[in-house]
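Visitor: Just entry-v2.txt, nothing more (compact mmCIF, C-alpha atoms):
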# COMPACT_ATOMS: atom_id res chain seq x y z
CA MET A 11 41.14 84.13 79.81
CA SER A 12 42.66 87.58 80.10
CA PRO A 13 41.99 90.07 77.27
CA HIS A 14 45.76 90.42 77.04
CA ASP A 15 45.81 86.93 75.50
CA GLU A 16 43.93 88.14 72.41
CA TYR A 17 46.05 89.37 69.50
CA GLU A 18 45.42 90.22 65.90
CA VAL A 19 48.80 88.88 64.77
CA THR A 20 51.13 86.46 66.58
CA VAL A 21 54.66 85.89 65.30
CA VAL A 22 56.48 82.77 66.49
CA GLY A 23 60.25 83.12 66.20
CA GLY A 24 62.28 86.25 66.91
CA GLY A 25 65.04 86.01 64.31
CA SER A 26 65.48 88.36 61.36
CA ALA A 27 62.22 87.28 59.71
CA GLY A 28 60.29 87.32 62.97
CA VAL A 29 61.43 90.77 64.05
CA ALA A 30 60.64 92.18 60.60
CA ALA A 31 57.22 90.48 60.58
CA ALA A 32 56.34 91.80 64.04
CA LEU A 33 57.48 95.32 63.22
CA ALA A 34 55.60 95.35 59.90
CA ALA A 35 52.35 94.06 61.42
CA SER A 36 52.43 96.36 64.43
CA ARG A 37 53.28 99.40 62.30
CA GLN A 38 50.07 98.76 60.38
CA GLY A 39 48.18 99.05 63.64
CA ALA A 40 47.66 95.35 64.35
CA ARG A 41 47.90 94.29 67.98
CA THR A 42 50.91 91.99 67.64
CA LEU A 43 52.68 89.43 69.82
CA LEU A 44 56.25 88.27 69.11
CA ILE A 45 57.31 85.00 70.76
CA GLU A 46 60.97 83.93 70.97
CA ARG A 47 62.31 80.87 72.78
CA GLN A 48 65.73 82.44 73.44
CA GLN A 49 66.36 85.49 75.62
CA LEU A 50 67.69 87.64 72.76
CA LEU A 51 65.99 88.68 69.55
CA GLY A 52 67.92 88.48 66.29
CA GLY A 53 68.07 84.73 65.75
CA MET A 54 71.16 83.52 63.91
CA GLY A 55 72.63 87.03 63.92
CA THR A 56 72.73 87.14 67.72
CA ASN A 57 72.32 83.69 69.26
CA ALA A 58 74.48 81.89 66.67
CA MET A 59 76.84 84.89 66.25
CA VAL A 60 76.45 85.04 62.48
CA HIS A 61 78.27 88.32 61.95
CA THR A 62 77.69 89.05 58.26
CA PHE A 63 74.34 90.16 56.87
CA CYS A 64 73.96 88.68 53.40
CA GLY A 65 71.19 89.38 50.90
CA LEU A 66 70.69 93.05 51.72
CA PHE A 67 72.13 94.41 48.47
CA HIS A 68 71.39 94.32 44.76
CA PRO A 69 73.32 91.55 42.93
CA ASP A 70 74.72 94.00 40.36
CA VAL A 71 77.89 95.08 42.19
CA SER A 72 79.15 97.10 39.20
CA GLN A 73 76.94 99.99 40.32
CA GLY A 74 78.21 100.00 43.89
CA PRO A 75 76.14 98.90 46.89
CA GLN A 76 72.41 99.36 46.38
CA TRP A 77 69.81 98.33 48.95
CA LEU A 78 67.64 95.57 47.49
CA ASN A 79 64.44 95.60 49.57
CA PRO A 80 62.98 98.87 50.89
CA GLY A 81 61.48 99.28 54.34
CA ILE A 82 62.71 97.31 57.33
CA PRO A 83 65.67 95.58 55.57
CA THR A 84 67.10 98.95 54.55
CA GLU A 85 66.20 100.56 57.89
CA LEU A 86 67.88 97.87 59.97
CA GLY A 87 70.88 97.54 57.67
CA THR A 88 71.50 101.29 57.72
CA ALA A 89 71.28 101.38 61.52
CA LEU A 90 73.76 98.49 61.84
CA MET A 91 76.24 100.28 59.58
CA GLN A 92 75.97 103.40 61.72
CA ARG A 93 76.50 101.48 64.95
CA GLY A 94 79.51 99.70 63.50
CA GLY A 95 81.01 102.93 62.19
CA MET A 96 80.97 101.59 58.62
CA GLU A 97 80.56 103.83 55.59
CA GLU A 98 79.70 101.01 53.20
CA PRO A 99 79.46 97.21 53.13
CA ASP A 100 82.32 94.90 52.16
CA LEU A 101 82.66 93.68 48.60
CA MET A 102 83.55 89.99 48.77
CA GLY A 103 84.11 88.73 45.24
CA ARG A 104 80.79 89.17 43.43
CA VAL A 105 78.61 90.09 46.42
CA TYR A 106 78.28 92.76 49.09
CA VAL A 107 78.05 91.73 52.74
CA LEU A 108 77.48 93.83 55.84
CA ARG A 109 79.70 92.98 58.80
CA HIS A 110 78.12 93.65 62.17
CA ARG A 111 78.53 92.87 65.85
CA PRO A 112 75.89 90.44 67.22
CA ALA A 113 75.61 92.62 70.33
CA ASP A 114 74.64 95.58 68.13
CA LEU A 115 71.96 93.52 66.39
CA ALA A 116 70.58 92.32 69.72
CA SER A 117 70.28 95.83 71.12
CA LEU A 118 68.93 97.29 67.88
CA THR A 119 66.17 94.70 67.43
CA ALA A 120 65.15 95.10 71.08
CA GLU A 121 64.99 98.89 70.71
CA LEU A 122 62.99 98.77 67.47
CA CYS A 123 60.44 96.41 69.00
CA ALA A 124 60.19 98.39 72.25
CA ALA A 125 59.38 101.54 70.26
CA GLU A 126 56.20 100.02 68.77
CA PRO A 127 53.12 100.64 70.97
CA HIS A 128 51.11 97.84 69.33
CA LEU A 129 53.83 95.20 69.82
CA THR A 130 54.37 92.89 72.80
CA VAL A 131 57.51 90.75 72.98
CA LEU A 132 57.82 87.53 74.99
CA THR A 133 61.29 85.98 75.18
CA GLY A 134 62.23 82.69 76.84
CA ALA A 135 58.82 81.34 75.81
CA GLU A 136 58.08 78.00 74.16
CA VAL A 137 55.11 77.13 71.93
CA THR A 138 53.91 73.58 72.67
CA ALA A 139 50.62 73.27 70.76
CA LEU A 140 48.59 74.90 68.01
CA SER A 141 44.99 74.54 66.93
CA PRO A 142 43.23 76.16 63.96
CA GLY A 143 41.42 79.30 64.73
CA TRP A 144 44.23 80.18 65.85
CA THR A 145 44.95 79.14 69.45
CA ILE A 146 48.55 78.78 70.60
CA THR A 147 49.54 76.98 73.78
CA LEU A 148 52.43 78.92 75.25
CA ASN A 149 53.88 77.46 78.44
CA ASP A 150 50.87 77.80 80.77
CA ARG A 151 48.94 80.32 78.64
CA LEU A 152 46.56 80.20 75.70
CA ILE A 153 47.05 82.82 72.99
CA HIS A 154 44.22 83.52 70.55
CA SER A 155 45.14 85.27 67.32
CA ARG A 156 43.42 86.23 64.09
CA ALA A 157 46.61 85.53 62.10
CA VAL A 158 49.82 83.66 62.89
CA ILE A 159 53.28 83.85 61.29
CA ASP A 160 55.80 81.01 61.62
CA THR A 161 59.36 82.34 61.44
CA THR A 162 60.94 79.66 63.64
CA GLY A 163 63.40 78.47 61.01
CA ASP A 164 62.42 74.86 61.59
CA ALA A 165 58.70 75.23 60.68
CA LEU A 166 57.60 74.49 64.23
CA LEU A 167 53.95 75.38 63.61
CA ALA A 168 53.81 73.23 60.46
CA ARG A 169 55.18 70.30 62.42
CA LEU A 170 52.59 70.82 65.14
CA LEU A 171 49.86 70.68 62.48
CA GLY A 172 51.11 67.46 60.86
CA HIS A 173 53.38 65.92 58.21
CA SER A 174 51.31 67.10 55.24
CA HIS A 175 52.38 70.70 55.85
CA TRP A 176 56.19 70.49 55.79
CA ASP A 177 59.23 69.09 54.00
CA LEU A 178 62.77 68.20 55.06
CA ALA A 179 65.67 67.34 52.78
CA THR A 180 67.49 64.03 53.22
CA SER A 181 70.24 64.04 55.82
CA ALA A 182 72.99 63.67 53.23
CA ARG A 183 71.85 66.83 51.39
CA LEU A 184 71.08 69.10 54.34
CA TYR A 185 73.27 72.18 54.45
CA ARG A 186 75.86 71.72 57.16
CA PRO A 187 75.56 73.77 60.36
CA ALA A 188 78.10 76.43 61.34
CA TYR A 189 79.73 77.07 64.69
CA VAL A 190 80.83 80.66 65.29
CA TRP A 191 82.69 82.17 68.22
CA SER A 192 84.73 85.30 68.88
CA PHE A 193 87.68 86.61 70.84
CA GLN A 194 89.21 90.01 71.52
CA GLY A 195 92.74 91.20 72.03
CA LEU A 196 94.31 90.55 68.62
CA SER A 197 97.43 92.73 68.57
CA ALA A 198 97.61 93.02 64.75
CA ILE A 199 95.20 93.99 61.99
CA LEU A 200 93.51 90.92 60.55
CA ASP A 201 94.32 91.62 56.91
CA GLU A 202 94.27 89.11 54.08
CA PRO A 203 97.94 88.03 54.40
CA LEU A 204 97.44 87.24 58.10
CA ARG A 205 94.18 85.39 57.38
CA LEU A 206 95.90 83.24 54.76
CA HIS A 207 98.88 82.61 57.03
CA VAL A 208 96.63 81.44 59.86
CA ALA A 209 94.69 79.20 57.46
CA ALA A 210 97.95 77.56 56.38
CA LEU A 211 99.00 77.08 60.02
CA ILE A 212 95.68 75.35 60.77
CA VAL A 213 96.00 73.03 57.77
CA ARG A 214 99.49 71.99 58.88
CA ALA A 215 98.27 71.47 62.45
CA VAL A 216 95.44 69.20 61.28
CA LYS A 217 97.83 67.13 59.17
CA ALA A 218 100.17 66.83 62.15
CA GLY A 219 97.34 65.76 64.45
CA ALA A 220 97.57 68.90 66.61
CA LEU A 221 94.03 69.96 65.69
CA PRO A 222 90.94 67.86 64.87
CA ALA A 223 89.94 67.47 61.22
CA ALA A 224 86.89 69.70 61.82
CA ALA A 225 89.28 72.68 62.14
CA LEU A 226 90.09 72.54 58.41
CA GLY A 227 87.13 74.74 57.55
CA THR A 228 87.99 77.40 60.11
CA THR A 229 87.95 81.00 58.86
CA LEU A 230 88.67 84.26 60.67
CA ARG A 231 86.93 87.57 60.00
CA ALA A 232 87.54 90.93 61.63
CA SER A 233 84.74 92.60 63.56
CA PRO A 234 83.93 96.31 63.06
CA THR A 235 85.46 96.64 66.55
CA ARG A 236 89.27 96.78 66.47
CA GLY A 237 90.95 93.73 67.98
CA GLU A 238 87.80 91.59 67.88
CA VAL A 239 87.74 88.56 65.59
CA PHE A 240 84.99 86.11 64.65
CA VAL A 241 85.94 82.50 64.00
CA SER A 242 83.65 80.25 61.92
CA THR A 243 83.70 76.64 60.88
CA ASP A 244 81.25 74.24 59.26
CA LEU A 245 80.63 70.90 60.95
CA GLU A 246 79.67 67.62 59.30
CA ALA A 247 77.25 67.01 62.20
CA GLY A 248 76.92 63.30 61.64
CA GLY A 249 77.00 63.46 57.86
CA ASP A 250 74.39 61.18 56.33
CA HIS A 251 72.70 60.78 59.73
CA TRP A 252 72.31 64.49 60.57
CA ASP A 253 68.81 65.42 61.75
CA PRO A 254 68.43 69.05 62.88
CA LEU A 255 65.12 68.19 64.56
CA ASP A 256 66.75 65.61 66.87
CA LEU A 257 67.55 67.20 70.24
CA ASP A 258 70.29 64.69 71.12
CA GLN A 259 72.07 65.38 67.83
CA ARG A 260 71.78 69.13 68.42
CA LEU A 261 73.34 68.74 71.88
CA HIS A 262 76.18 66.67 70.44
CA LEU A 263 76.75 69.34 67.80
CA GLU A 264 77.00 72.04 70.47
CA SER A 265 79.50 69.96 72.41
CA GLU A 266 81.61 69.39 69.29
CA GLY A 267 81.56 73.11 68.52
CA ARG A 268 82.64 74.14 72.03
CA ALA A 269 85.51 71.65 72.03
CA LEU A 270 86.67 72.86 68.61
CA ALA A 271 86.58 76.52 69.69
CA GLN A 272 88.73 75.73 72.71
CA ALA A 273 91.22 73.74 70.64
CA VAL A 274 91.56 76.46 67.97
CA TRP A 275 91.93 79.16 70.64
CA ASP A 276 94.71 77.22 72.37
CA PHE A 277 96.45 76.65 69.04
CA LEU A 278 96.29 80.28 67.92
CA ARG A 279 97.73 81.58 71.19
CA SER A 280 100.71 79.28 70.92
CA SER A 281 101.30 79.53 67.17
CA HIS A 282 101.51 83.23 66.28
CA PRO A 283 102.77 86.25 68.25
CA SER A 284 99.77 88.39 67.29
CA PHE A 285 97.44 85.94 69.06
CA THR A 286 99.24 85.51 72.38
CA THR A 287 97.04 88.12 74.08
CA ILE A 288 93.65 87.05 72.77
CA THR A 289 90.88 86.58 75.32
CA PRO A 290 89.10 83.24 75.91
CA PRO A 291 86.48 82.39 73.30
CA VAL A 292 83.03 83.97 73.54
CA LEU A 293 80.71 81.13 72.58
CA PRO A 294 77.31 81.34 70.86
CA VAL A 295 74.03 80.43 72.52
CA HIS A 296 73.67 77.71 69.89
CA ALA A 297 75.17 76.54 66.59
CA GLY A 298 73.99 78.06 63.33
CA ILE A 299 71.52 75.71 61.66
CA ARG A 300 71.36 76.47 57.96
CA GLU A 301 68.58 74.10 56.94
CA SER A 302 65.70 72.40 58.70
CA ALA A 303 62.00 71.80 58.00
CA ARG A 304 60.20 74.07 55.50
CA TRP A 305 56.52 74.84 54.95
CA ARG A 306 54.59 73.59 51.92
CA GLY A 307 52.90 76.70 50.61
CA ASP A 308 50.75 77.49 47.60
CA TYR A 309 53.92 77.86 45.54
CA VAL A 310 57.30 76.19 45.98
CA LEU A 311 60.06 78.58 44.93
CA SER A 312 62.68 76.75 42.86
CA ALA A 313 66.35 77.23 42.19
CA ASP A 314 65.46 77.75 38.53
CA ASP A 315 63.20 80.66 39.48
CA LEU A 316 66.15 82.32 41.16
CA ILE A 317 68.82 81.52 38.59
CA ARG A 318 66.61 82.96 35.83
CA SER A 319 65.72 86.04 37.96
CA ARG A 320 62.04 85.25 37.51
CA ARG A 321 59.51 87.88 38.61
CA PHE A 322 55.96 87.25 39.84
CA GLU A 323 52.65 89.11 39.76
CA ASP A 324 52.14 88.51 43.50
CA GLU A 325 55.73 89.46 44.31
CA ALA A 326 56.29 90.04 48.04
CA ALA A 327 60.09 90.44 48.25
CA LEU A 328 63.28 90.24 46.22
CA ALA A 329 66.16 87.76 46.45
CA GLY A 330 69.65 88.73 45.31
CA TRP A 331 72.01 86.35 47.09
CA PRO A 332 73.50 83.52 44.98
CA LEU A 333 72.79 79.89 45.77
CA GLU A 334 75.33 79.19 48.52
CA MET A 335 75.24 75.42 48.86
CA ARG A 336 76.97 73.88 51.86
CA GLU A 337 76.11 70.19 51.67
CA THR A 338 79.52 69.30 53.14
CA ALA A 339 81.80 70.98 55.68
CA ARG A 340 84.44 71.54 53.01
CA GLY A 341 83.18 74.99 52.05
CA PRO A 342 80.42 76.43 49.88
CA ARG A 343 79.59 75.93 46.23
CA PHE A 344 78.23 79.16 44.75
CA ARG A 345 75.84 79.27 41.83
CA TYR A 346 75.14 82.80 40.66
CA PHE A 347 72.06 84.11 38.90
CA ASP A 348 72.30 84.07 35.11
CA GLN A 349 72.26 87.86 35.11
CA PRO A 350 72.99 90.39 37.86
CA GLU A 351 69.29 91.02 38.52
CA PRO A 352 67.21 90.05 41.55
CA ALA A 353 64.54 87.36 41.53
CA GLY A 354 61.06 87.73 42.92
CA ILE A 355 59.68 85.83 45.91
CA PRO A 356 55.90 85.47 45.47
CA ALA A 357 53.41 85.91 48.30
CA SER A 358 52.21 82.37 47.56
CA CYS A 359 55.48 81.11 49.10
CA LEU A 360 54.42 82.70 52.38
CA ARG A 361 50.97 81.17 52.81
CA ALA A 362 48.86 78.06 52.22
CA ARG A 363 45.33 78.46 50.89
CA SER A 364 44.16 75.52 53.02
CA LEU A 365 45.18 77.33 56.22
CA PRO A 366 43.66 80.84 56.16
CA GLY A 367 45.38 83.18 58.58
CA MET A 368 48.62 81.18 58.66
CA PHE A 369 51.73 82.75 57.14
CA PHE A 370 55.41 81.81 57.15
CA ALA A 371 58.68 83.51 56.29
CA GLY A 372 62.43 83.32 56.68
CA ARG A 373 64.24 80.02 56.48
CA CYS A 374 61.02 77.97 56.66
CA LEU A 375 59.17 79.54 53.70
CA SER A 376 57.98 77.35 50.85
CA CYS A 377 60.92 76.57 48.55
CA ASP A 378 62.99 73.66 47.35
CA HIS A 379 66.31 72.60 48.84
CA GLU A 380 68.43 74.42 46.25
CA ALA A 381 66.45 77.67 46.43
CA LEU A 382 66.89 77.67 50.21
CA ALA A 383 70.63 78.10 49.63
CA SER A 384 69.82 81.65 48.55
CA VAL A 385 66.73 82.75 50.46
CA ARG A 386 67.88 81.51 53.89
CA VAL A 387 70.30 84.43 54.39
CA MET A 388 69.35 87.07 56.95
CA GLY A 389 68.82 89.98 54.56
CA THR A 390 66.28 88.00 52.54
CA CYS A 391 64.69 86.75 55.75
CA LEU A 392 64.10 90.37 56.76
CA ALA A 393 62.35 90.99 53.44
CA THR A 394 60.08 87.93 53.55
CA GLY A 395 59.32 88.57 57.21
CA GLN A 396 58.26 92.14 56.42
CA ALA A 397 55.98 90.87 53.64
CA ALA A 398 54.40 88.21 55.86
CA GLY A 399 53.79 90.78 58.59
CA GLN A 400 51.99 93.09 56.17
CA MET A 401 49.89 90.20 54.82
CA ALA A 402 48.96 89.03 58.30
CA ALA A 403 47.97 92.52 59.45
CA ALA A 404 45.66 92.84 56.44
CA PHE A 405 44.10 89.38 56.86
CA ARG A 406 40.41 89.15 57.75
CA PRO A 407 38.72 85.77 58.30
Show how you would write the structure in this file as structure tokens.

Guide:
Amino acid sequence: MSPHDEYEVTVVGGGSAGVAAALAASRQGARTLLIERQQLLGGMGTNAMVHTFCGLFHPDVSQGPQWLNPGIPTELGTALMQRGGMEEPDLMGRVYVLRHRPADLASLTAELCAAEPHLTVLTGAEVTALSPGWTITLNDRLIHSRAVIDTTGDALLARLLGHSHWDLATSARLYRPAYVWSFQGLSAILDEPLRLHVAALIVRAVKAGALPAAALGTTLRASPTRGEVFVSTDLEAGGDHWDPLDLDQRLHLESEGRALAQAVWDFLRSSHPSFTTITPPVLPVHAGIRESARWRGDYVLSADDLIRSRRFEDEAALAGWPLEMRETARGPRFRYFDQPEPAGIPASCLRARSLPGMFFAGRCLSCDHEALASVRVMGTCLATGQAAGQMAAAFRP
């Protein structure tokens, strides 16, 4: 075994939570390895083309935009605003969101990681086994690590350890996946009247049979880059039979998303003069999975904790995004906190006492199905990832 296979902290999953965890651990001096199965870091914000960062700002919008979690969430959010040429985030109803270009997030996360001398990044790598201690089987290598952080989004490491360590909601309740793509070349400004007009055109086309029913949930949002537009839709993904851990179902979902993007692109070009010059769709690496398996930690964060803005003695991060429940493809149901104050996320949601040296963050932290509707967003994932990274760096067997 090469000494290069020994690490103090290993992070599995290079999305928002994983990047924040790796940066936090390495900045505390821990020799850190970040493993990502895709070629790009950034997770949903790059590979699934999720182009709005939610959960970065304080829920009290009456005071203007205020960063919610200090450290890496604020650092990365500020850098994205600068790269996008934005002076402030967008106020959408009762929340602030930060629009960004997935390409900017991909380059920024790569640059931040490359700047850390204690951090090694492996992309295109797949974890296939895990044994306590901790030893990770990675393709044809063995990685030994004092502490491990699971930020895979689907609790991969928990599933490798066995059923007693993870939960999964029933298929009928799982939040529906999103499919996001983009195009360039729009000849007009995508303002609200044009957005509403296009939405009405799509509804009429579905009723006339010119577009599939899945197009009903299609929404358009302007990029920070002029002429670029992101197109999003939620998919039923098999409804009561949807299983995000089933590879065949995931492949079918990708196929459905690609076909829908092509159909909507063809329709837009032929239905409105401002869209006649748009470029062919730029497709994501994969669909955006909103809910999958979650760890069972020492504490299970509940929707009631969030709604009541509960705070904890072992608080590790703050949540400020409302419960955005998407149990169907017909759009979200929002449930806001009782007061415009953030809720705490305790450190006990990021670890299990029975597994010393194992931590988890992001979409697979320990929470119930309803609470996940809030804490799954990328801004909150950055915050819990940062906390898990700091905890892992400080861990001693």

Visitor: Can you list, as a count of residues only, every protein, DNA or RNA residue that comes within 9 Å of Arg236 (chain A) when you count all atoms listed in the file, leaving out same-chain residues fewer than 5 positions away?

Guide: 4

Visitor: Select all residues near (83.6, 75.0, 68.6) (cut-off 9 Å, inclusive, file coordinates), counting all atoms listed in the file, and output them as a PyMOL selection string.

Guide: chain A and resi 189-191+225+242-243+263-274+293+297

Visitor: Each side padded by 6 Å, which centre and which edge lengths in Å (one decimal) define the axis-aligned box around the listed atoms of region 266-283 of chain A? Give them as JSON.

Guide:
{"center_x": 92.2, "center_y": 77.8, "center_z": 69.5, "size_x": 33.2, "size_y": 28.9, "size_z": 18.4}

Visitor: May I have the residues within 9 Å of Leu115 (chain A) as a list in words, using only C-alpha atoms and disregarding those fewer than 6 positions away in the same chain?

Guide: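 So the residues in contact are Leu51, Gly52, Gly55, Thr56, Leu86 and Leu90 of chain A.
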
Visitor: Write a file of the just-selected residues containing C-alpha atoms, as a PDB file, in the frame of the given file.

Guide:
ATOM      1  CA  LEU A  51      65.990  88.680  69.550  1.00  0.00           C
ATOM      2  CA  GLY A  52      67.920  88.480  66.290  1.00  0.00           C
ATOM      3  CA  GLY A  55      72.630  87.030  63.920  1.00  0.00           C
ATOM      4  CA  THR A  56      72.730  87.140  67.720  1.00  0.00           C
ATOM      5  CA  LEU A  86      67.880  97.870  59.970  1.00  0.00           C
ATOM      6  CA  LEU A  90      73.760  98.490  61.840  1.00  0.00           C
TER       7      LEU A  90
END

Visitor: If we count only C-alpha atoms and set the cut-off at 10 Å, which residues sit around region 363-369 of chain A, ignoring sequence neighbours fewer than 4 positions away in its own chain? Please answer as a PyMOL selection string.

Guide: chain A and resi 19-21+142-144+155-161+167-168+175+305+307-308+357-359+375+395+397-399+401-407

Visitor: When you count only C-alpha atoms, which of these residues is closest to Arg279 (chain A): A:Pro112, A:Phe193, A:Arg321, A:Leu132?

Guide: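 With only C-alpha atoms as the atom set, the closest residue is A:Phe193.
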
Visitor: Please compute the CA of Gly28 (chain A)-CA of Val107 (chain A) distance, one decimal, in Å.

Guide: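 Straight-line distance from CA of Gly28 (chain A) to CA of Val107 (chain A) works out to 21.0 Å.
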
Visitor: When you count only C-alpha atoms, which of these residues is closest to Asp244 (chain A): A:Thr180, A:Asn57, A:Thr286, A:Thr338?

Guide: A:Thr338

Visitor: Provide the CA of Pro187 (chain A) to CA of His379 (chain A) distance in Å, to one decimal place.

Guide: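 Computing the Euclidean distance for CA of Pro187 (chain A) and CA of His379 (chain A) yields 14.8 Å.
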
Visitor: So how far away is CA of Arg304 (chain A) from CA of Asp177 (chain A), in Å?

Guide: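 CA of Arg304 (chain A) lies at a distance of 5.3 Å from CA of Asp177 (chain A).
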
Visitor: For a quick check of your reading of the model, name the residues lying within 12 Å of the coordinate (63.5, 98.3, 53.5), counting only C-alpha atoms, and write them as a PyMOL selection string.

Guide: chain A and resi 30+33-34+66-67+76-89+327-328+389-397

Visitor: Looking at A:Ser312, A:Thr228, A:Ser302, A:Ser233, which one is nearest to Leu278 (chain A), with distances taken over all atoms listed in the file?

Guide: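 Looking at the shortest contact to Leu278 (chain A), the residue is A:Thr228.
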
Visitor: Which of these, A:Ser280, A:Thr133, A:Gln38, A:Ser376, has the shortest distance to Ile355 (chain A) once you count all atoms listed in the file?

Guide: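 Of the candidates, the smallest distance to Ile355 (chain A) is held by A:Ser376.
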
Visitor: Excluding Glu97 (chain A) and residues on its chain fewer than 2 positions from it, collect all residues at most 12 Å away from it, counting only C-alpha atoms, and give them as a PyMOL selection string.

Guide: chain A and resi 75+87-95+99-100+108-109+234

Visitor: Under the rule that all atoms listed in the file are counted, which of A:Val310, A:Ala232, A:Val22, A:Val105 is the nearest residue to Thr138 (chain A)?

Guide: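 Once distances to Thr138 (chain A) are computed over all atoms listed in the file, the minimum belongs to A:Val22.
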
Visitor: Between A:Pro222, A:Gly163, A:Pro356, A:Gly65, which has the minimum distance to Glu46 (chain A) (counting all atoms listed in the file)?

Guide: A:Gly163

Visitor: Could you list, as JSON, numbers by chain, every residue within 9 Å of Leu170 (chain A), counting all atoms listed in the file and ignoring same-chain residues fewer than 3 positions away?

Guide: {"A": [138, 139, 140, 141, 165, 166, 167, 173]}
